[in-house]
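A.B. asks: Just dropping this structure here.
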Amino acid sequence: MNRKTINVRKGFLQEGFNKKKLRPFFPLTHDNYYRTVQSTAKNQCLGKMPWPEISHIKGWLVSAETATFMKWGGLGMVASELPENFNKVFLKDGHQMQILTPMYLGDTGKKKAFLKDGVYEGAENRALKVQKVDSFEVMFLNETGVLEAYPVYVYQGVFNGVDYYFLQNERFFSINPHKNNPSTQDGCYILNKYGINEVERFAFFSKAVYHFIIRALSHELKGICPPNIIISNDWHSGALSGLCKYGSLALVQNHKIDEAVAAQVRNIPIIHIAHHLGYQGWDYENTAKILNSLYEEMSAEIYKNAKAVKNSNPRAGNTLIVYDCYNQASAALHLADRVVTVSRNYMEEVSKELGFGFDFRDILKIRKNHRTFFGIVNGYDKSLISPNAQKIEHLNQYFEGFHFHVYDENSLDKKLENKKECIRLLSQIASSERYKNKYIPLIDINRFEDISDLISKADKVPFICATSRLVEQKGYDIAAKALVKVLENRSSPKNEYPIVVLGGAGDDSLFEVLKNLKSETAKISPKAARRIFVFRGYKDEFAYALQLAADFYLMPCRFEPCGLTQMEAMAKGALPIAMSTGGLVDTIEDGVDGFRTEVFFADGVRVYGSNLKAQKYKNNVNAYAECLWRALRCFNTMPKDIHHMTINAMHKDFGWTVPDGSVYKYLKLLQTGGL
């Protein structure tokens with residue numbers, strides 16, 4: 001393709017327009033195109049557009065992450081597992097989902113992806129034979145502020161019964177890091193060597209997908225079936241809703257597209273999956289650049305007419321920016337045909353509380369009231385999270401001199417043997433620096449002590465762990481304070497102090513909080529303190545050994561849109577001790593297969609539980625301490641109840657395809673627009 005640039009200024013938003021705090025202006029106009037733009041958000045949020053009759057789903061799931069080729073979190077797992085399970089169940093009935101995702105190339109130092117001899121090996125060490133099926137150009141502003149035609153190459157391959165379409169462009173999808181890349185940014189979120197950040201990268205991705213959709217609907221692509229529905233996975237593809245609903249009108253007005261094709265683009269239903277509402281794709285400095293890149297010479301008029309649905313938040317009066325900043329999620333939350341969160345309880349939280357819904361709370365409340373907003377819990381294939389013979393065999397090969405057992409709900413005696421092995425492992429790490437450096441390198445440990453004397457009474461000693469990321473969300477500081485409270489008020493001196501192992505990769509300051517936990521515990525009892533193990537870093541084998549051994553898994557989360565860790569813990573017979581937030585409410589039944597707090601606060605406001613309980617506990621630390629105390633009391637005084645709860649937890653199946661599972665809910669939503 002020839003390199004092409006266009007120096008266009010007419011119709012562009014002025015650079016820095018957002019910094020002048022200009023309020024959106026909605027001109028009265030007799031132009032039907034812009035009148036339509038003005039009313040689109042209202043029609044979408046209120047569900048005024050009729051849902052099309054779809055006999056056979058031909059869905060395109062658009063995602064920046066996939067668990068198979070570039071994963072950073074739960075949204076990548078949804079992107080891979082939803083289409084795989086959907087096709088497994090419904091392909092025989094003529095329904096199909098396909099995946100559109102960037103083809104990342106490069107090496108971040110932690111993640112590496114390359115294309116060689118027709119084989120793409122993504123960042124998750126899976127290789128796939130691919131073939132080039134299309135190429136086209138996407139106009140986007142370059143570093144000099146000029147529209148440049150960037151080539152996009154489309155590669156197709158099949159993995160686990162799903163067609164993958166990889167969109168490749170060197171400038172935007174390179175993951176080779178820039179010298180100024182922040183240490184916290186990695187994978188597909190990296191500031192790359194061309195200076196492209198995550199928001200600009202995914203705005204380009206949305207526009208490339210938009211053009212690919214147009215090409216498919218225009219029958220320019222041989223052998224590629226156009227979509228009749230689109231699933232947009234989180235903020236990364238948020239701009240796609242604006243392009244489909246607004247951009248198609250602009251193309252018609254400028255005679256760049258056939259009106260019939262534009263109508264098809266505009267009328268394709270878009271389901272937007274929202275994960276954590278705190279991640280929205282903000283970019284203040286590049287606000288004008290990105291909007292001009294997306295809408296080109298129509299950007300000023302589209303922006304002026306991009307009126308949001310009426311709500312009480314003056315910051316969200318425009319669908320394309322929030323206050324004065326480009327916001328990639330905003331277009332999707334205003335303009336998608338349906339919005340889905342990854343649990344029902346999180347849907348309730350974001351539509352009620354500013355601390356969860358942020359600037360979109362009122363919009364999501366309107367959507368909920370008009371049945372364009374739903375919650376569907378993420379599925380999780382149980383075979384991936386149950387005690388896995390292959391992984392346990394690897395564990396035994398990895399840790400020299402140890403033997404962990406495969407078990408299920410009918411052989412919990414073997415889980416007890418795993419607890420004994422893990423006590424031995426912790427003691428070995430404490431006793432031998434050589435062993436520690438060989439088997440858990442790059443992990444900071446804090447004053448591990450030999451507790452091998454506890455092996456003989458392992459059945460009487462509660463084993464508690466948490467191996468999540470050391471980030472504020474996970475509430476390690478809450479857990480530390482709650483543990484101190486519980487240990488200070490131990491109900492009976494006859495009860496054994498628990499073994500507590502906490503840590504993960506992440507924030508230095510939170511590691512300091514955990515180190516202080518051991519120090520504070522020592523003031524209460526040196527005997528209790530020697531059973532506290534805290535660490536910073538992550539090693540899969542070490543974390544897996546802890547999970548196989550644990551009686552309880554701590555989840556004192558400040559928020560958890562869905563949560564997968566509690567599902568993993570339950571499958572291994574580690575009862576979650578959880579905050580009553582987000583998907584933890586939907587997946588853990590208090591006193592049946594885990595423990596949850598009786599109340600939950602966000603920003604000091606009661607979000608879950610009765611007002612009476614809120615007055616009693618006053619804050620999350622007190623509420624979590626009570627929940628932890630209940631779990632330990634049950635372990636010490638009602639072991640049969642713990643046994644039955646462990647069986648219940650291991651029986652529980654969150655799989656996509658179980659009867660009335662998530663995949664069936666998605667089929668109903670895709671076909672009818674409701675649940």
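Residue numbering restarts at 1 in every chain; chains get A, B, ... in the order shown in the structure tokens, and ligands count up from 1 in that same order.
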May I have the residues within 9 Å of segment 576-593 of chain A as a PyMOL selection string, using only C-alpha atoms and disregarding those fewer than 5 positions away in the same chain?

C.D. replies: chain A and resi 342-349+377-378+551-564+566-567+569-570+598-601+607-609+620+623-624+627-628+631+641-642+644-650+652+654

A.B. asks: Residues within 8 Å of Lys481 of chain A, please, as a list of chain:residue names. Count only C-alpha atoms; anything in the same chain fewer than 3 positions from it doesn't count.

C.D. replies: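 Surrounding residues, per the criterion: A:Asp477, A:Ile478, A:Val484, A:Lys485, A:Leu517, A:Val621.
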
A.B. asks: Neighbours of Ser183 of chain A within 12 Å (only C-alpha atoms; same-chain residues fewer than 6 positions away dropped), as a list of chain:residue names?

C.D. replies: A:Thr108, A:Gly109, A:Lys110, A:Pro177, A:Tyr189, A:Ile190, A:Leu191, A:Gly506, A:Asp507

A.B. asks: Create the file for the chosen residues now, containing C-alpha atoms and written as a PDB file, in the first residue's frame.

C.D. replies:
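File produced: part.pdb:
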```
ATOM      1  CA  THR A 108       7.916  -6.278  26.392  1.00  0.00           C
ATOM      2  CA  GLY A 109      10.432  -8.228  28.436  1.00  0.00           C
ATOM      3  CA  LYS A 110       7.584 -10.147  30.086  1.00  0.00           C
ATOM      4  CA  PRO A 177       8.390  -0.680  24.816  1.00  0.00           C
ATOM      5  CA  TYR A 189      -1.136  -1.592  27.685  1.00  0.00           C
ATOM      6  CA  ILE A 190       2.454  -0.631  27.011  1.00  0.00           C
ATOM      7  CA  LEU A 191       3.640   2.757  25.752  1.00  0.00           C
ATOM      8  CA  GLY A 506       2.313  -5.525  43.202  1.00  0.00           C
ATOM      9  CA  ASP A 507       2.571  -2.467  45.400  1.00  0.00           C
TER      10      ASP A 507
END
```

A.B. asks: Using atom CA of Gly74 of chain A and atom CA of Tyr380 of chain A as the two end points, give the distance in Å to one decimal.

C.D. replies: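 Between atom CA of Gly74 of chain A and atom CA of Tyr380 of chain A the gap is 10.3 Å.
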
A.B. asks: Segment 161-163 of chain A: which residues within 8 Å, counting only C-alpha atoms, same-chain residues fewer than 4 positions away excluded, as an NGL selection string?

C.D. replies: :A and (83-84 or 87-88 or 97-99 or 156-157)

A.B. asks: As a ChimeraX atom specification, please: the residues near segment 546-549 of chain A (cut-off 9 Å, only C-alpha atoms, same-chain neighbours under 4 positions excluded).

C.D. replies: /A:387,404-405,415-423,463-467,501,541-542,553,568-569,572-574

A.B. asks: Any chance you can output those residues with N, CA, C and O atoms as a compact mmCIF listing (two decimals), in the first residue's frame?

C.D. replies:
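What follows is the written file selection_3.txt:
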```
# COMPACT_ATOMS: atom_id res chain seq x y z
N PRO A 387 -8.67 -29.30 41.40
CA PRO A 387 -7.33 -29.88 41.57
C PRO A 387 -6.96 -30.71 40.34
O PRO A 387 -7.62 -31.69 40.01
N PHE A 404 2.53 -33.59 46.64
CA PHE A 404 1.16 -33.11 46.78
C PHE A 404 0.22 -34.10 46.09
O PHE A 404 0.58 -34.78 45.14
N HIS A 405 -1.02 -34.16 46.59
CA HIS A 405 -1.97 -35.18 46.16
C HIS A 405 -3.11 -34.57 45.33
O HIS A 405 -3.56 -33.45 45.59
N LYS A 415 -6.56 -33.72 50.88
CA LYS A 415 -6.35 -32.27 51.01
C LYS A 415 -5.62 -31.97 52.32
O LYS A 415 -4.74 -31.10 52.36
N LEU A 416 -5.95 -32.70 53.39
CA LEU A 416 -5.24 -32.53 54.65
C LEU A 416 -3.76 -32.87 54.49
O LEU A 416 -2.89 -32.19 55.04
N GLU A 417 -3.46 -33.91 53.69
CA GLU A 417 -2.06 -34.26 53.44
C GLU A 417 -1.36 -33.12 52.69
O GLU A 417 -0.18 -32.85 52.92
N ASN A 418 -2.09 -32.45 51.81
CA ASN A 418 -1.51 -31.30 51.11
C ASN A 418 -1.20 -30.15 52.07
O ASN A 418 -0.21 -29.42 51.90
N LYS A 419 -2.07 -29.99 53.08
CA LYS A 419 -1.79 -28.97 54.09
C LYS A 419 -0.47 -29.29 54.81
O LYS A 419 0.36 -28.41 55.03
N LYS A 420 -0.29 -30.55 55.15
CA LYS A 420 0.95 -30.95 55.82
C LYS A 420 2.16 -30.71 54.92
O LYS A 420 3.20 -30.22 55.38
N GLU A 421 2.02 -31.04 53.63
CA GLU A 421 3.12 -30.81 52.69
C GLU A 421 3.44 -29.33 52.56
O GLU A 421 4.61 -28.93 52.47
N CYS A 422 2.41 -28.50 52.56
CA CYS A 422 2.64 -27.05 52.42
C CYS A 422 3.29 -26.48 53.68
O CYS A 422 4.12 -25.57 53.59
N ILE A 423 2.94 -27.01 54.85
CA ILE A 423 3.61 -26.59 56.08
C ILE A 423 5.09 -26.96 55.99
O ILE A 423 5.97 -26.16 56.36
N PHE A 463 -5.69 -23.03 58.10
CA PHE A 463 -4.71 -22.55 57.11
C PHE A 463 -5.43 -21.55 56.22
O PHE A 463 -6.38 -21.89 55.52
N ILE A 464 -4.96 -20.30 56.26
CA ILE A 464 -5.59 -19.20 55.51
C ILE A 464 -4.59 -18.66 54.51
O ILE A 464 -3.42 -18.47 54.84
N CYS A 465 -5.03 -18.39 53.28
CA CYS A 465 -4.11 -17.79 52.31
C CYS A 465 -4.82 -16.77 51.42
O CYS A 465 -6.05 -16.71 51.37
N ALA A 466 -4.03 -15.96 50.74
CA ALA A 466 -4.49 -15.09 49.66
C ALA A 466 -3.29 -14.86 48.75
O ALA A 466 -2.20 -14.52 49.24
N THR A 467 -3.49 -15.06 47.47
CA THR A 467 -2.38 -14.93 46.51
C THR A 467 -2.75 -14.00 45.36
O THR A 467 -2.28 -14.15 44.24
N VAL A 501 -0.92 -17.05 55.16
CA VAL A 501 0.07 -16.81 54.10
C VAL A 501 -0.55 -15.82 53.12
O VAL A 501 -1.54 -16.13 52.45
N GLU A 541 3.76 -21.94 40.82
CA GLU A 541 3.83 -23.20 41.58
C GLU A 541 3.63 -22.96 43.08
O GLU A 541 2.96 -23.74 43.76
N PHE A 542 4.22 -21.88 43.59
CA PHE A 542 4.07 -21.56 45.01
C PHE A 542 2.62 -21.22 45.33
O PHE A 542 2.04 -21.72 46.31
N TYR A 553 -9.76 -18.91 52.01
CA TYR A 553 -9.12 -17.97 51.09
C TYR A 553 -9.70 -16.58 51.36
O TYR A 553 -10.93 -16.40 51.31
N GLU A 568 -11.96 -20.22 41.87
CA GLU A 568 -10.79 -21.09 41.91
C GLU A 568 -10.61 -21.68 43.30
O GLU A 568 -10.31 -22.88 43.45
N ALA A 569 -10.75 -20.84 44.32
CA ALA A 569 -10.58 -21.30 45.70
C ALA A 569 -11.63 -22.35 46.05
O ALA A 569 -11.31 -23.40 46.63
N LYS A 572 -11.09 -25.78 44.82
CA LYS A 572 -10.01 -26.50 45.51
C LYS A 572 -10.34 -26.75 46.98
O LYS A 572 -9.49 -27.19 47.75
N GLY A 573 -11.58 -26.41 47.38
CA GLY A 573 -11.98 -26.66 48.76
C GLY A 573 -11.45 -25.66 49.76
O GLY A 573 -11.42 -25.93 50.96
N ALA A 574 -11.05 -24.48 49.30
CA ALA A 574 -10.67 -23.39 50.19
C ALA A 574 -11.85 -22.44 50.29
O ALA A 574 -12.21 -21.79 49.29
```

A.B. asks: Show me, as a short mmCIF file (atom, residue, chain, number, x, y, z; two decimals) with N, CA and C atoms, in the first residue's frame, the residues that have an atom within 10 Å of Gly16 of chain A when counting only C-alpha atoms, minus same-chain residues fewer than 5 positions from it.

C.D. replies:
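In the end it all went to selection_17.cif:
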```cif
data_model
loop_
_atom_site.label_atom_id
_atom_site.label_comp_id
_atom_site.auth_asym_id
_atom_site.auth_seq_id
_atom_site.Cartn_x
_atom_site.Cartn_y
_atom_site.Cartn_z
N LYS A 21 -12.52 24.48 28.49
CA LYS A 21 -13.75 24.20 29.25
C LYS A 21 -14.99 24.63 28.47
N TYR A 284 -6.62 12.91 28.35
CA TYR A 284 -6.88 14.35 28.33
C TYR A 284 -6.07 15.06 27.25
N GLU A 285 -4.78 14.78 27.20
CA GLU A 285 -3.90 15.48 26.28
C GLU A 285 -4.25 15.22 24.81
N ASN A 286 -4.72 14.01 24.51
CA ASN A 286 -4.99 13.63 23.12
C ASN A 286 -6.48 13.67 22.77
N THR A 287 -7.27 14.39 23.53
CA THR A 287 -8.72 14.42 23.30
C THR A 287 -9.05 14.83 21.86
N ALA A 288 -8.54 15.97 21.42
CA ALA A 288 -8.83 16.45 20.07
C ALA A 288 -8.25 15.51 19.02
N LYS A 289 -7.03 15.05 19.24
CA LYS A 289 -6.36 14.17 18.28
C LYS A 289 -7.16 12.90 18.03
N ASP A 324 -14.04 17.31 30.35
CA ASP A 324 -13.17 17.90 29.34
C ASP A 324 -12.17 16.87 28.80
#
```

A.B. asks: Have a look at A:Gln44, A:Asn495, A:Pro227, A:Met298 and name the one nearest to Val252 of chain A; count only C-alpha atoms.

C.D. replies: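 Of the candidates, the smallest distance to Val252 of chain A is held by A:Met298.
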
A.B. asks: What parts of segment 196-293 of chain A does DSSP call helix (DSSP H, G or I)? I'd like the answer as a ChimeraX atom specification.

C.D. replies: /A:198-217,235-237,239-253,259-267,287-293

A.B. asks: Between atom CA of Ile363 of chain A and atom CA of Ala329 of chain A, measure the distance and give it in Å to one decimal.

C.D. replies: 12.6 Å

A.B. asks: Write out as a count of residues only which residues come within 12 Å of Asn32 of chain A when counting only C-alpha atoms, dropping same-chain ones fewer than 3 positions away.

C.D. replies: 12

A.B. asks: Interatomic distance between atom CA of Ala208 of chain A and atom CA of Asn180 of chain A?

C.D. replies: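 Straight-line distance from atom CA of Ala208 of chain A to atom CA of Asn180 of chain A works out to 26.8 Å.
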
A.B. asks: Which residues in segment 95-264 of chain A does DSSP call strand (DSSP E)? List them as a ChimeraX atom specification.

C.D. replies: /A:96-102,106-107,112-116,119-121,127-129,131-141,147-159,162-168,229-233

A.B. asks: Have a look at A:Lys179, A:Lys613, A:Lys132, A:Lys518 and name the one nearest to Phe166 of chain A; count only C-alpha atoms.

C.D. replies: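 Checking each candidate against Phe166 of chain A, we get A:Lys132 as the closest.
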
A.B. asks: Pull the closest atom pair for each residue of segment 569-674 of chain A that gets at most 10 Å from segment 331-340 of chain A, along with the distance in Å to one decimal, counting only C-alpha atoms, ordering rows by chain and then ascending residue number, as a Markdown table.

C.D. replies:
```
| residue | atom | partner | partner_atom | distance |
| --- | --- | --- | --- | --- |
| A:Tyr666 | CA | A:Val340 | CA | 9.8 |
| A:Leu669 | CA | A:Arg338 | CA | 8.8 |
| A:Leu670 | CA | A:Arg338 | CA | 9.4 |
| A:Gly673 | CA | A:Arg338 | CA | 7.2 |
| A:Gly674 | CA | A:Arg338 | CA | 8.6 |
```
